[in-house]
$ cat run.csv   # CSV, C-alpha atoms
chain,number,residue,atom,x,y,z
A,1,MET,CA,-29.8,5.4,-15.3
A,2,THR,CA,-28.2,3.6,-18.3
A,3,GLU,CA,-24.7,4.9,-17.2
A,4,TYR,CA,-25.4,3.6,-13.6
A,5,LEU,CA,-26.4,0.2,-14.9
A,6,ILE,CA,-23.4,-0.1,-17.1
A,7,ASN,CA,-21.1,0.8,-14.2
A,8,LEU,CA,-22.9,-1.8,-12.0
A,9,PHE,CA,-22.5,-4.5,-14.6
A,10,THR,CA,-18.8,-3.8,-15.1
A,11,ARG,CA,-18.2,-3.9,-11.3
A,12,ILE,CA,-20.0,-7.2,-11.1
A,13,ILE,CA,-17.9,-8.7,-13.9
A,14,SER,CA,-14.7,-7.2,-12.6
A,15,SER,CA,-15.2,-8.7,-9.2
A,16,THR,CA,-16.7,-12.1,-10.0
A,17,GLY,CA,-15.3,-12.8,-13.5
A,18,TYR,CA,-16.9,-15.5,-15.6
A,19,PHE,CA,-19.5,-16.3,-13.0
A,20,GLY,CA,-20.6,-12.7,-13.0
A,21,ILE,CA,-21.0,-12.9,-16.8
A,22,ALA,CA,-23.1,-16.1,-16.4
A,23,PHE,CA,-25.2,-14.6,-13.7
A,24,LEU,CA,-26.0,-11.4,-15.6
A,25,MET,CA,-26.8,-13.3,-18.8
A,26,MET,CA,-29.0,-15.6,-16.9
A,27,LEU,CA,-31.0,-12.6,-15.7
A,28,GLU,CA,-31.0,-11.1,-19.2
A,29,SER,CA,-32.5,-14.3,-20.6
A,30,MET,CA,-35.3,-14.1,-18.0
A,31,VAL,CA,-37.3,-10.9,-17.5
A,32,ALA,CA,-34.8,-8.7,-15.8
A,33,PRO,CA,-34.1,-5.4,-17.6
A,34,ILE,CA,-30.5,-6.3,-18.3
A,35,PRO,CA,-29.5,-5.6,-21.9
A,36,SER,CA,-26.8,-7.9,-23.2
A,37,GLU,CA,-25.4,-4.9,-25.1
A,38,ALA,CA,-24.4,-3.5,-21.7
A,39,VAL,CA,-22.8,-6.7,-20.5
A,40,MET,CA,-21.0,-8.6,-23.2
A,41,PRO,CA,-19.0,-5.7,-24.7
A,42,PHE,CA,-17.1,-5.2,-21.4
A,43,ALA,CA,-16.2,-8.9,-21.4
A,44,GLY,CA,-14.8,-8.2,-24.9
A,45,VAL,CA,-12.7,-5.4,-23.4
A,46,LEU,CA,-11.3,-7.8,-20.8
A,47,TRP,CA,-10.5,-10.2,-23.6
A,48,PHE,CA,-8.8,-7.4,-25.5
A,49,SER,CA,-6.7,-6.6,-22.4
A,50,GLY,CA,-5.7,-10.3,-21.9
A,51,LYS,CA,-7.7,-10.7,-18.6
A,52,MET,CA,-10.2,-13.1,-20.1
A,53,SER,CA,-10.4,-15.9,-22.6
A,54,PHE,CA,-12.8,-15.6,-25.5
A,55,ILE,CA,-13.8,-19.3,-25.3
A,56,LEU,CA,-14.6,-19.1,-21.6
A,57,ILE,CA,-16.5,-15.8,-22.1
A,58,ILE,CA,-18.8,-17.4,-24.7
A,59,PHE,CA,-19.1,-20.7,-22.7
A,60,PHE,CA,-20.2,-19.0,-19.5
A,61,SER,CA,-22.3,-16.3,-21.1
A,62,THR,CA,-24.2,-18.9,-23.2
A,63,LEU,CA,-24.5,-21.2,-20.2
A,64,GLY,CA,-26.1,-18.3,-18.3
A,65,SER,CA,-28.4,-17.5,-21.2
A,66,LEU,CA,-29.5,-21.2,-21.4
A,67,ILE,CA,-30.2,-21.4,-17.6
A,68,GLY,CA,-32.2,-18.2,-17.6
A,69,SER,CA,-34.1,-19.4,-20.7
A,70,LEU,CA,-34.9,-22.8,-19.1
A,71,ILE,CA,-36.2,-21.1,-16.0
A,72,SER,CA,-38.6,-19.0,-18.1
A,73,TYR,CA,-39.5,-22.1,-20.2
A,74,TYR,CA,-40.6,-24.0,-17.1
A,75,ILE,CA,-42.5,-20.9,-15.8
A,76,GLY,CA,-44.4,-21.1,-19.1
A,77,LEU,CA,-44.8,-24.9,-19.0
A,78,TYR,CA,-46.1,-25.1,-15.4
A,79,GLY,CA,-47.5,-21.7,-14.8
A,80,GLY,CA,-48.7,-20.4,-18.1
A,81,LYS,CA,-50.7,-17.2,-18.5
A,82,PRO,CA,-52.3,-17.4,-15.1
A,83,PHE,CA,-48.8,-17.2,-13.5
A,84,VAL,CA,-47.9,-14.2,-15.7
A,85,GLN,CA,-51.1,-12.4,-14.9
A,86,LYS,CA,-50.7,-13.0,-11.1
A,87,PHE,CA,-46.9,-12.6,-10.6
A,88,GLY,CA,-45.8,-10.8,-13.8
A,89,LYS,CA,-45.6,-7.4,-12.2
A,90,TYR,CA,-43.2,-8.7,-9.6
A,91,LEU,CA,-41.0,-10.1,-12.3
A,92,LEU,CA,-40.9,-7.0,-14.4
A,93,LEU,CA,-43.0,-8.9,-16.9
A,94,ASN,CA,-45.2,-6.8,-19.2
A,95,GLU,CA,-48.2,-8.8,-20.2
A,96,HIS,CA,-48.7,-6.8,-23.4
A,97,ASP,CA,-45.1,-7.6,-24.5
A,98,LEU,CA,-45.8,-11.2,-23.7
A,99,VAL,CA,-48.9,-11.3,-26.0
A,100,ILE,CA,-46.8,-9.8,-28.8
A,101,THR,CA,-44.1,-12.4,-28.2
A,102,GLU,CA,-46.7,-15.3,-28.1
A,103,ASN,CA,-48.1,-14.1,-31.5
A,104,PHE,CA,-44.6,-14.0,-32.9
A,105,PHE,CA,-43.8,-17.5,-31.7
A,106,GLY,CA,-47.2,-18.7,-33.0
A,107,LYS,CA,-46.4,-17.4,-36.5
A,108,PHE,CA,-42.8,-18.6,-36.9
A,109,GLY,CA,-42.7,-21.7,-34.7
A,110,ASP,CA,-39.6,-23.3,-33.2
A,111,LYS,CA,-37.1,-21.3,-35.1
A,112,THR,CA,-38.4,-18.2,-33.3
A,113,ILE,CA,-36.2,-19.3,-30.4
A,114,PHE,CA,-33.1,-18.7,-32.5
A,115,ILE,CA,-34.3,-15.6,-34.3
A,116,SER,CA,-35.5,-13.9,-31.1
A,117,ARG,CA,-32.0,-13.8,-29.6
A,118,PHE,CA,-31.3,-10.9,-31.9
A,119,ILE,CA,-34.4,-9.0,-31.1
A,120,PRO,CA,-34.8,-6.7,-28.1
A,121,VAL,CA,-37.7,-7.3,-25.7
A,122,VAL,CA,-38.7,-10.5,-27.5
A,123,ARG,CA,-35.5,-12.3,-26.4
A,124,HIS,CA,-36.4,-11.6,-22.7
A,125,LEU,CA,-39.8,-13.2,-23.0
A,126,ILE,CA,-39.7,-15.8,-25.8
A,127,SER,CA,-39.0,-18.7,-23.6
A,128,ILE,CA,-42.3,-18.4,-21.7
A,129,PRO,CA,-44.6,-19.0,-24.7
A,130,ALA,CA,-42.2,-21.8,-25.8
A,131,GLY,CA,-42.9,-23.5,-22.4
A,132,THR,CA,-46.6,-22.7,-22.6
A,133,GLY,CA,-46.7,-24.2,-26.1
A,134,LYS,CA,-44.8,-27.3,-24.8
A,135,MET,CA,-42.1,-26.9,-27.4
A,136,ASN,CA,-39.8,-29.9,-27.5
A,137,ILE,CA,-37.2,-29.3,-24.8
A,138,TYR,CA,-34.2,-30.6,-26.9
A,139,LYS,CA,-35.1,-28.3,-29.8
A,140,PHE,CA,-35.5,-25.5,-27.3
A,141,ILE,CA,-32.1,-26.1,-25.8
A,142,PHE,CA,-30.5,-26.4,-29.3
A,143,TYR,CA,-32.0,-23.2,-30.7
A,144,THR,CA,-31.3,-21.2,-27.5
A,145,THR,CA,-27.7,-22.3,-27.3
A,146,ILE,CA,-26.9,-21.5,-31.0
A,147,GLY,CA,-28.8,-18.2,-31.0
A,148,ALA,CA,-27.5,-17.0,-27.6
A,149,GLY,CA,-23.9,-18.2,-28.4
A,150,LEU,CA,-23.8,-16.3,-31.7
A,151,TRP,CA,-25.3,-13.1,-30.3
A,152,ASN,CA,-22.9,-13.2,-27.3
A,153,ALA,CA,-20.0,-13.7,-29.6
A,154,ILE,CA,-21.0,-10.8,-31.8
A,155,LEU,CA,-21.2,-8.4,-28.9
A,156,THR,CA,-17.9,-9.7,-27.4
A,157,TYR,CA,-16.1,-9.2,-30.7
A,158,LEU,CA,-17.5,-5.6,-30.9
A,159,GLY,CA,-16.2,-5.0,-27.4
A,160,TYR,CA,-12.8,-6.4,-28.3
A,161,TYR,CA,-12.7,-4.2,-31.5
A,162,LEU,CA,-13.6,-1.1,-29.6
A,163,GLY,CA,-11.1,-1.8,-26.8
A,164,SER,CA,-11.1,0.8,-24.1
A,165,ARG,CA,-13.7,2.8,-26.0
A,166,TRP,CA,-16.3,0.1,-25.3
A,167,THR,CA,-19.0,2.4,-24.0
A,168,GLU,CA,-19.4,3.6,-27.6
A,169,LEU,CA,-21.0,0.3,-28.3
A,170,ARG,CA,-24.3,1.4,-26.8
A,171,LYS,CA,-24.6,3.6,-29.9
A,172,TYR,CA,-23.9,0.7,-32.2
A,173,GLY,CA,-26.0,-1.7,-30.1
A,174,GLU,CA,-29.0,0.5,-30.4
A,175,MET,CA,-28.4,0.9,-34.2
A,176,ILE,CA,-28.2,-2.9,-34.6
A,177,ASP,CA,-31.4,-3.4,-32.6
A,178,PHE,CA,-33.2,-0.8,-34.8
A,179,ILE,CA,-32.0,-2.5,-38.0
A,180,LEU,CA,-33.1,-5.9,-36.7
A,181,ILE,CA,-36.6,-4.6,-35.7
A,182,ILE,CA,-37.0,-3.1,-39.2
A,183,LEU,CA,-36.0,-6.4,-40.8
A,184,ILE,CA,-38.4,-8.3,-38.6
A,185,ILE,CA,-41.3,-6.0,-39.5
A,186,ILE,CA,-40.6,-6.4,-43.2
A,187,ALA,CA,-40.4,-10.2,-42.8
A,188,VAL,CA,-43.7,-10.3,-40.8
A,189,GLY,CA,-45.4,-7.9,-43.4
A,190,PHE,CA,-44.2,-10.2,-46.3
A,191,TYR,CA,-45.5,-13.3,-44.4
A,192,ILE,CA,-48.9,-11.7,-43.9
A,193,TYR,CA,-49.0,-10.5,-47.5
A,194,LYS,CA,-48.2,-14.1,-48.8
A,195,LYS,CA,-50.8,-15.6,-46.4
A,196,ARG,CA,-53.6,-13.3,-47.5
A,197,LYS,CA,-52.7,-13.7,-51.1
A,198,LYS,CA,-52.9,-17.5,-50.7
A,199,MET,CA,-56.2,-17.3,-48.9
A,200,SER,CA,-57.6,-15.0,-51.7
A,201,MET,CA,-56.5,-17.4,-54.4
A,202,GLU,CA,-58.1,-20.3,-52.5
A,203,ALA,CA,-61.4,-18.3,-52.2
A,204,VAL,CA,-61.4,-17.6,-55.9
A,205,ASN,CA,-60.7,-21.2,-56.8
A,206,LYS,CA,-63.6,-22.3,-54.6
A,207,LYS,CA,-66.0,-20.0,-56.4
A,208,LEU,CA,-64.9,-21.2,-59.9
A,209,PRO,CA,-67.3,-23.8,-61.4
A,210,GLU,CA,-65.8,-27.3,-61.6
$ encode --input "run.csv" --output "structure tokens"
Amino acid sequence: MTEYLINLFTRIISSTGYFGIAFLMMLESMVAPIPSEAVMPFAGVLWFSGKMSFILIIFFSTLGSLIGSLISYYIGLYGGKPFVQKFGKYLLLNEHDLVITENFFGKFGDKTIFISRFIPVVRHLISIPAGTGKMNIYKFIFYTTIGAGLWNAILTYLGYYLGSRWTELRKYGEMIDFILIILIIIAVGFYIYKKRKKMSMEAVNKKLPE
């Protein structure tokens, strides 16, 4: 299945160029099961072969990411949870994953939009709770553009580096995802530990006689 999708994505990019990249990354930033690790590296290969420009690759891929994220943002803003519960299954939207993403957004706030671009699953869904929470649209656009642009650039460079051996990037992409997930778990664990420690100290202080 993975091999089929990779071949499909490469055919789309080969036949439609930069607009194909923008279209796939738009879907990737919504709820479609399109991993950026299977899209951007091939663009890097085309850059390596001189068929594409790095600047235009990043421009169109980031534009696609932003458009897809804005669509999801407004789904969250105007539809909210009722929309997800009613139509989520038709949009390949897992409500359980959305709940996890909402909790993640609730703990880390606006900067989650930037951080999430590097986290699998979360990056597909994070724009919905941002809309539901009525995050400032200008901050949303800023963090989305910076995060998506950086992530797209990293994958494009990896594709360029691997050249014609770009399919090997799946191995590296999965490794990067795993490392990022571990780092996020550690960060969340540390945050919870500090929060509980602070609450314990406050409880002790309340009990002490004045």
$ residues_around --input "run.csv" --residues "range 57-74 of chain A" --least-positions-apart "6" --cutoff "8 Å" --atoms "only C-alpha atoms" --output "PyMOL selection string"
chain A and resi 18-19+21-30+43+125+127-132+141+144-145+148-149+152-153
$ atom_distance --input "run.csv" --atom1 "CA of Gly159 in chain A" --atom2 "CA of Thr112 in chain A"
26.5 Å
$ closest_residue --input "run.csv" --among "A:Gly20, A:Asn136, A:Ser53, A:Arg11" --to "Thr156 in chain A" --atoms "only C-alpha atoms"
A:Ser53
$ atom_distance --input "run.csv" --atom1 "CA of Ile115 in chain A" --atom2 "CA of Asn7 in chain A"
29.1 Å
$ atom_distance --input "run.csv" --atom1 "CA of Val122 in chain A" --atom2 "CA of Ser14 in chain A"
28.4 Å
